[in-house]
Amino acid sequence: MTARVGVVTFPGTLDDRDSQRAVRIAGLEAVPLWHRDKDLHQVDAVVLPGGFSYGDYLRAGAISRFSPVMESIIEQAKAGMPVLGICNGFQILTETHLLPGAMLRNDHLHFVCRDQKLRVENTHTAWTANFAQGQEIHIPLKNIDGQFVADERTIDELEAEGRVVFRYLDVNPNGSLRDIAGITNATGNVVGLMPHPEHAVDPLVGTGGSDGLGFFTSILRKLVKA
Amino acid sequence: MTLDTTKHAAETPDVELPWAELGLKEDEYLRVREVLGRRPTGAELAMYSVMWSEHCSYKSSKVHLRQFGEKAPASDALLVGIGENAGVVDIGQGYAVTFKVESHNHPSYVEPYQGAATGVGGIVRDIIAMGARPVAVVDPLRMGAADHPDTKRVLPGVVAGIGGYGNCLGLPNIGGELVFDACYQGNPLVNAGAIGVMRHEDIHLAKASGTGNKVILYGARTGGDGIGGASILASETFDDAKPSKRPAVQVGDPFQEKLLIECTLEAFAEKLVVGIQDLGAAGLSCATSELASNGSGGMRVELDDVPLRDSTLSPEEILMSESQERMCAVVEPAKVERFLAICEKWDVIATVIGEVTDGDRLEIFWHGEKIVDVDPRTVAHDGPVYERPYARPAWQDALQADDAGKLPRPATSDELREQVLKLVASPNQASKAWVTDQYDRIVQGNTVLAQPEDSGMVRVSEDTGLGVAIATDGNGRFAKLDPYAGAQLALAESYRNVAAAGAKPLAVSDCLNFGSPEDPAVMWQFAEAVRGLADGCQQLGTPVTGGNVSLYNQTGDAAIHPTPVVAVLGVIDDVNRRTPIAFATEGQLVYLLGETREEFGGSAWSQVIHDHLGGLPPKVDLERERLLAEILVSGSRDGMIDAAHDLSDGGLVQALTESCLRGGKGARIVLPEGVSESGTVVGDAFVALFSESAGRAVVAVPRSEELRFTDMCGARGLPAARIGVVDGDALEVQGQFSIPLTELRQAHEATIPALLA
C-alpha cells in the first residue's frame, strides 16, 4: 500500500500532469485536486505545481492563494502535512505565508529555462531526506519571476535555523538573495523551490537528468514508514 | 444614424461605401454588388473586405498553390489535407498529428511583443480546432541586420512575446530558426508553428451542420482590437507616409487561451462538438461564414448576444474585430447545457449567438433587424482569384553569373583558422541560446530533443515510445539565387534534419514569405518556389498538408529575399532511439556522409567573409536526400550511430563545431584528399570545411559498429568517408589548425548576447 499525493490544478497551472507523472514514477499514487474543491480526498501530501496560475496577473500566486483548495491545504500544512511548492507553487506558498519572503522578476528581466546546478543544504525536510547533505544536483529551472527576496532579518533567521534547503551553484539565474533556490518552514514539512524536480525524473526527457526523483522518493519513504 | 439593414441597402443603391478604405479594389467591390444583386450593407462590406483580403482569400497565390494538391504524392499518412484549419497525419498506433506554420510578420514589426505573441496564439487555436491537444511550438524568425539599431527593438520584443505567450500556455518550444539579413530590415518574418496530437476518432472539422444546432461563441469578450488586421495590416505594403497601424495589432491574453485549450479538449472528450472554428484573422466574419459554408445548412446569428469588452462597438466592428482567444462551436441543443457547464468550470465566458438553419443563407441580426444576408460560400470561398502576371527578373542572370567560386579563399592555415572562428561567431551561425533559453522547452514532460538539436522531438506515447519530430528550414539567399532550387533546398534540409534525429519524414507544412504579388518579379519567385516545393514533395513522397502564404513583405520597391520556410514532420517508433547532435563519447569515429563539391553560391562563408550573394545555390539531388535519410534512420534504429548532424549553413566546420560544443568533447579531423581541384592542401581543406553541398551529414559511430555501418552505406551506395575521431578538448583539423573548445565556445556563444545586451 502506497501513499497518496495530491497535485493541485489551478486555472493556468501547467506542470500538473508532469508532477503527477513524477509522483507515479516514484511509486506513489497521484491524486488530482481541483482549485475550487476544498476536499483534499484523504491525500497524505500535496504538490503545488508550476505554471502561471491566473496568468500571474496581479502578482504570481496572489490570486490562487485565495482558492478554496488552499484553505484546506493551509490548514493541513499547519498540522504537519507535507507540501511541496514548485515554481508557481513556491510563489503561492509565499503568498500564503506558509513560507517567508517573496519572488520578484528575475534581475535580468528575461524568462530563463536552463539546467541548473543546486546544492542540497538541508536533508531533514519531508522532501529531501533521500539526498546527502551538500549533494550537488541538476534540476531544470524555468521562470520569469524567480528572484527570491526577504528582509535581512528573515534571511538571517532562515540561515541560522538551517531552513535554506537549496542554493544555486555556478550561476545565480535570477538574482535571488544569497543564491537561495528553495526554503522550508520551521517544521520541515513545507518546502518551496523555483527549480522543477518533476522535470528531472527521466533522463530521456527534459534536460536529461533524474536528480529530481529524490524529492518524491523522500516523501515516499517518509509517508510509507509513517 | 439609421441602421444599414439589408432592406435599407436595397432601397438606397447609391449610398457611397468606404470600400477602398477597407482594402477592396474597385472591381472587387463591383463583384460584391453583383453577387448580392444590390449594394452591400456596411456589415456585409466589412465581411467581404476582410474575407476577400489577400491574407484570408489567397487570391494571388491560389492558382499556384493548387499544385500541392495536383502533385500530391500517394500517401497513406494523410488523414486531412489542405483547406481545413490544419492538415492531419496518421503516425500509427491510432494516433494522428496535426501541424501547421503561419506568419505573423507585419504585426510583429509594428508591435513586436504582441505581434509575435498573438502569432503563437493563432496557430495554437488552429491546432485545437482540429480536435488535438497542442504538444509543442516552433518559431522560425528572420530579422534585419544583426547590428542594425531597429533589430534591437524588434528581436527582443518578438522573443519576449513568443516566450511570454507560449510559456504561459505550457507548450514546449522545441525548435525554429533565427536568421539575420538586411533584406528583412523593414519586414521581419515571424513565423510560428505548432503540433497537436489526437486519436484518429477525435478529428474535428470546421462545419456547421444539423438544423437547430446552436452556435456558441466562447472565450474572450470582443473588443476593438485588431479591426481590419487581415485586410489592412497583412495585405498591404508598408508606407511611411500613412498613419501608424498599431491599433490594427491584436493584444494577447495567454491565460485566457490556456483556459480555452483545456475547456475545448474537455468538450471534445465528451463528444459535445459537431463543428468548430477558431476566431483569428477576420474574426466572426470568418468563423461564421466558414462554418456555414462548410456545413449543410445556413446560419442565423444574433450579433447583440456577442459579449463585448466595449459596448460602443458598431456591428461592423464586431464582425471585423480580431480580438484574440475566441472560438466558435456548433453544438446539438441537448448538449448545450453540458458544454456551457464545462466553460463555466474553466471560467470561460460562453454564449449561444445563433443556430444552424435549414436554408443556405448566413443571416446576421442587430437590434432585431437583418444587417447581413449572404450566401456564405461567396464570402468564404468564392473570393476573387488573380492570375497575376509574372516574369523572371532581368537581374537574375547577372546575379547567377556572379559566381561565388571566384571569391578569394584563405591562402594559409592561419587564415583558414581565422575564417573558421569568424564564421562560427557570425550572427547567423552563432549559438541562439540567448533566444531559446527564454522559451520553456521541457513543459509537458515529453520533450526528447529541442534546439539546438537538428529537430525538435516529443514523445507521443509513454507506453510505446512513439514520438514525432519537426524541423523548419528556409534559406532566402539560396531562394534569391534560384527560387525553384531554393524551395527544394529548404525542403531537403528540413527533411534531412528530421532524419538526422532518427525520425522518418512524413509530411510537410510551409510558410511562404514573399514580397508584393503586384510585382511580376516577386510573382515569378513565388511561382518558381511553389513549383519547386510541389515537385520536391512529390519526389520525396511527403505531401503538403497545409500552410500559409505571406505576401507584401516589402518596403517601397524593396522586397525581402523570397523565403519559403518548410516544416517537415517525422515519426519515430521509439524515442529512446533518437539521435542527438552531440559528440558525447571519446573514441567514436566521425564519418562524413554524402558528396562534397565546390559549392559556395549563397553560402554562409560568402556572406560572412565577403558579404557576397551570387552564383548558383548548391545542387539539389532529392534521391540522394532520400537515401541519406534512410541510412540515418536505419543507423539510429539499429544502434549504429550515436550522434548525427546535418550539414547546411556553414558546411562541415559549422556542424563539427556544434556537435563538439554540445557534447563538450573535441574531435581530431583528417580531411580526405582530393576533394577539390584547387590543388593545394589548404584549398582542399577549405572546400571540405566550408562548402555547402546538400545531401550530407556527419555521424559519430561506435567502433564496434563501424563495419556494420560502412557495409550498409556501401551496399546502398552512399559515400561515407571516415574523417576523424571524437577526442580531446579541441577541434583539430590535422595539418591545418587546432582550436581549443573554450576558444571555440567563446566565439560561438558570445555573439548574440553581446549584440542584444
# chains A, B, ... in the order shown; residues from 1 in each chain; ligands from 1
$ residues_around --residues "Val224 of chain A" --least-positions-apart "6" --cutoff "12 Å" --atoms "only C-alpha atoms" --output "PyMOL selection string"
chain A and resi 1-5+27-29+44-45+216-218
$ write_last_selection --atoms "N, CA and C atoms" --output "short mmCIF file (atom, residue, chain, number, x, y, z; two decimals), in the first residue's frame"
data_model
loop_
_atom_site.label_atom_id
_atom_site.label_comp_id
_atom_site.auth_asym_id
_atom_site.auth_seq_id
_atom_site.Cartn_x
_atom_site.Cartn_y
_atom_site.Cartn_z
N MET A 1 0.85 -1.19 0.00
CA MET A 1 0.00 0.00 0.00
C MET A 1 0.88 1.23 0.00
N THR A 2 0.57 2.10 -0.90
CA THR A 2 1.42 3.28 -1.03
C THR A 2 0.69 4.52 -0.53
N ALA A 3 1.37 5.63 -0.61
CA ALA A 3 0.77 6.87 -0.11
C ALA A 3 0.14 7.65 -1.25
N ARG A 4 -0.76 8.53 -0.88
CA ARG A 4 -1.48 9.34 -1.87
C ARG A 4 -0.95 10.77 -1.85
N VAL A 5 -0.52 11.23 -3.02
CA VAL A 5 -0.01 12.60 -3.12
C VAL A 5 -0.94 13.40 -4.04
N GLY A 27 6.55 5.74 -7.42
CA GLY A 27 5.83 4.65 -6.78
C GLY A 27 4.70 5.11 -5.87
N LEU A 28 4.32 6.38 -6.00
CA LEU A 28 3.22 6.92 -5.20
C LEU A 28 1.96 7.01 -6.05
N GLU A 29 0.84 7.16 -5.36
CA GLU A 29 -0.40 7.36 -6.09
C GLU A 29 -0.65 8.86 -6.27
N ASP A 44 -2.07 12.25 1.50
CA ASP A 44 -1.08 12.29 2.58
C ASP A 44 -0.09 13.44 2.41
N ALA A 45 -0.03 13.97 1.22
CA ALA A 45 0.88 15.07 0.93
C ALA A 45 0.35 15.80 -0.30
N PHE A 216 10.68 12.85 -4.59
CA PHE A 216 9.49 12.00 -4.49
C PHE A 216 9.77 10.70 -3.76
N THR A 217 11.01 10.19 -3.87
CA THR A 217 11.34 9.00 -3.08
C THR A 217 11.49 9.39 -1.61
N SER A 218 11.90 10.63 -1.36
CA SER A 218 11.98 11.09 0.04
C SER A 218 10.61 11.06 0.69
#
$ interface_residues --of "chain B" --to "chain A" --cutoff "6 Å" --atoms "only C-alpha atoms" --output "list of chain:residue names"
B:Cys168, B:Gly170, B:Phe255, B:Asp437, B:Gln438, B:Asp440, B:Ile442, B:Gln444, B:Gly445, B:Asn446, B:Thr447, B:Val448
$ residues_around --residues "segment 147-154 of chain A" --least-positions-apart "2" --cutoff "7 Å" --atoms "only C-alpha atoms" --output "PyMOL selection string"
chain A and resi 101-107+145+156-158+174-177+180
$ residues_around --residues "Asp170 of chain A" --least-positions-apart "3" --cutoff "9 Å" --atoms "only C-alpha atoms" --output "number ranges by chain"
A: 116-118
$ residues_around --residues "segment 353-369 of chain B" --least-positions-apart "6" --cutoff "6 Å" --atoms "only C-alpha atoms" --output "MDAnalysis selection string"
chainID B and resid 211:216 297:305 375:376
$ residues_around --residues "segment 280-295 of chain B" --least-positions-apart "3" --cutoff "7 Å" --atoms "only C-alpha atoms" --output "PyMOL selection string"
chain B and resi 47+50-51+122+206-209+229-230+277+298-299+319-322+324+328+362+376-377+379-380
$ write_last_selection --atoms "C-alpha atoms" --output "CSV table (one decimal), in the first residue's frame"
chain,number,residue,atom,x,y,z
B,47,MET,CA,-17.2,40.8,-44.1
B,50,VAL,CA,-11.7,41.0,-44.7
B,51,MET,CA,-12.6,37.6,-46.2
B,122,GLY,CA,-3.4,31.9,-33.5
B,206,ALA,CA,-15.0,23.4,-39.2
B,207,LYS,CA,-18.5,22.9,-40.3
B,208,ALA,CA,-22.0,23.8,-39.1
B,209,SER,CA,-24.5,21.0,-39.8
B,229,GLY,CA,-5.8,43.3,-39.2
B,230,ALA,CA,-6.0,40.9,-42.0
B,277,GLN,CA,-13.7,27.1,-35.8
B,298,GLY,CA,-27.5,28.1,-43.3
B,299,MET,CA,-26.9,30.1,-40.1
B,319,LEU,CA,-17.8,41.4,-37.3
B,320,MET,CA,-14.3,42.6,-38.1
B,321,SER,CA,-12.7,42.5,-34.7
B,322,GLU,CA,-9.7,40.2,-34.3
B,324,GLN,CA,-7.9,37.0,-29.5
B,328,CYS,CA,-16.9,29.2,-32.2
B,362,LEU,CA,-25.9,33.4,-43.5
B,376,PRO,CA,-21.7,32.2,-47.0
B,377,ARG,CA,-19.8,30.5,-49.8
B,379,VAL,CA,-17.8,35.2,-48.5
B,380,ALA,CA,-15.6,32.3,-47.5
$ closest_residue --among "A:Arg119, A:Lys222, A:Lys78, A:Arg65" --to "Leu93 of chain A" --atoms "only C-alpha atoms"
A:Arg65
$ residues_around --residues "Ile219 of chain A" --least-positions-apart "6" --cutoff "12 Å" --atoms "only C-alpha atoms" --output "PyMOL selection string"
chain A and resi 2-5+22-23+26-29+44-47+81-84+123-131+188-191+213+225-226
$ closest_residue --among "B:Phe478, B:Phe583, B:Tyr165, B:Phe180" --to "Val120 of chain B" --atoms "only C-alpha atoms"
B:Tyr165
$ select_by_dssp --residues "chain A" --states "strand (DSSP E or B)" --output "ChimeraX atom specification"
/A:4-9,13,29-34,45-48,51,83-86,102-104,112-120,136-143,147-149,164-168,180-184,190-193
$ atom_distance --atom1 "atom CA of Val124 of chain B" --atom2 "atom CA of Leu169 of chain B"
9.5 Å
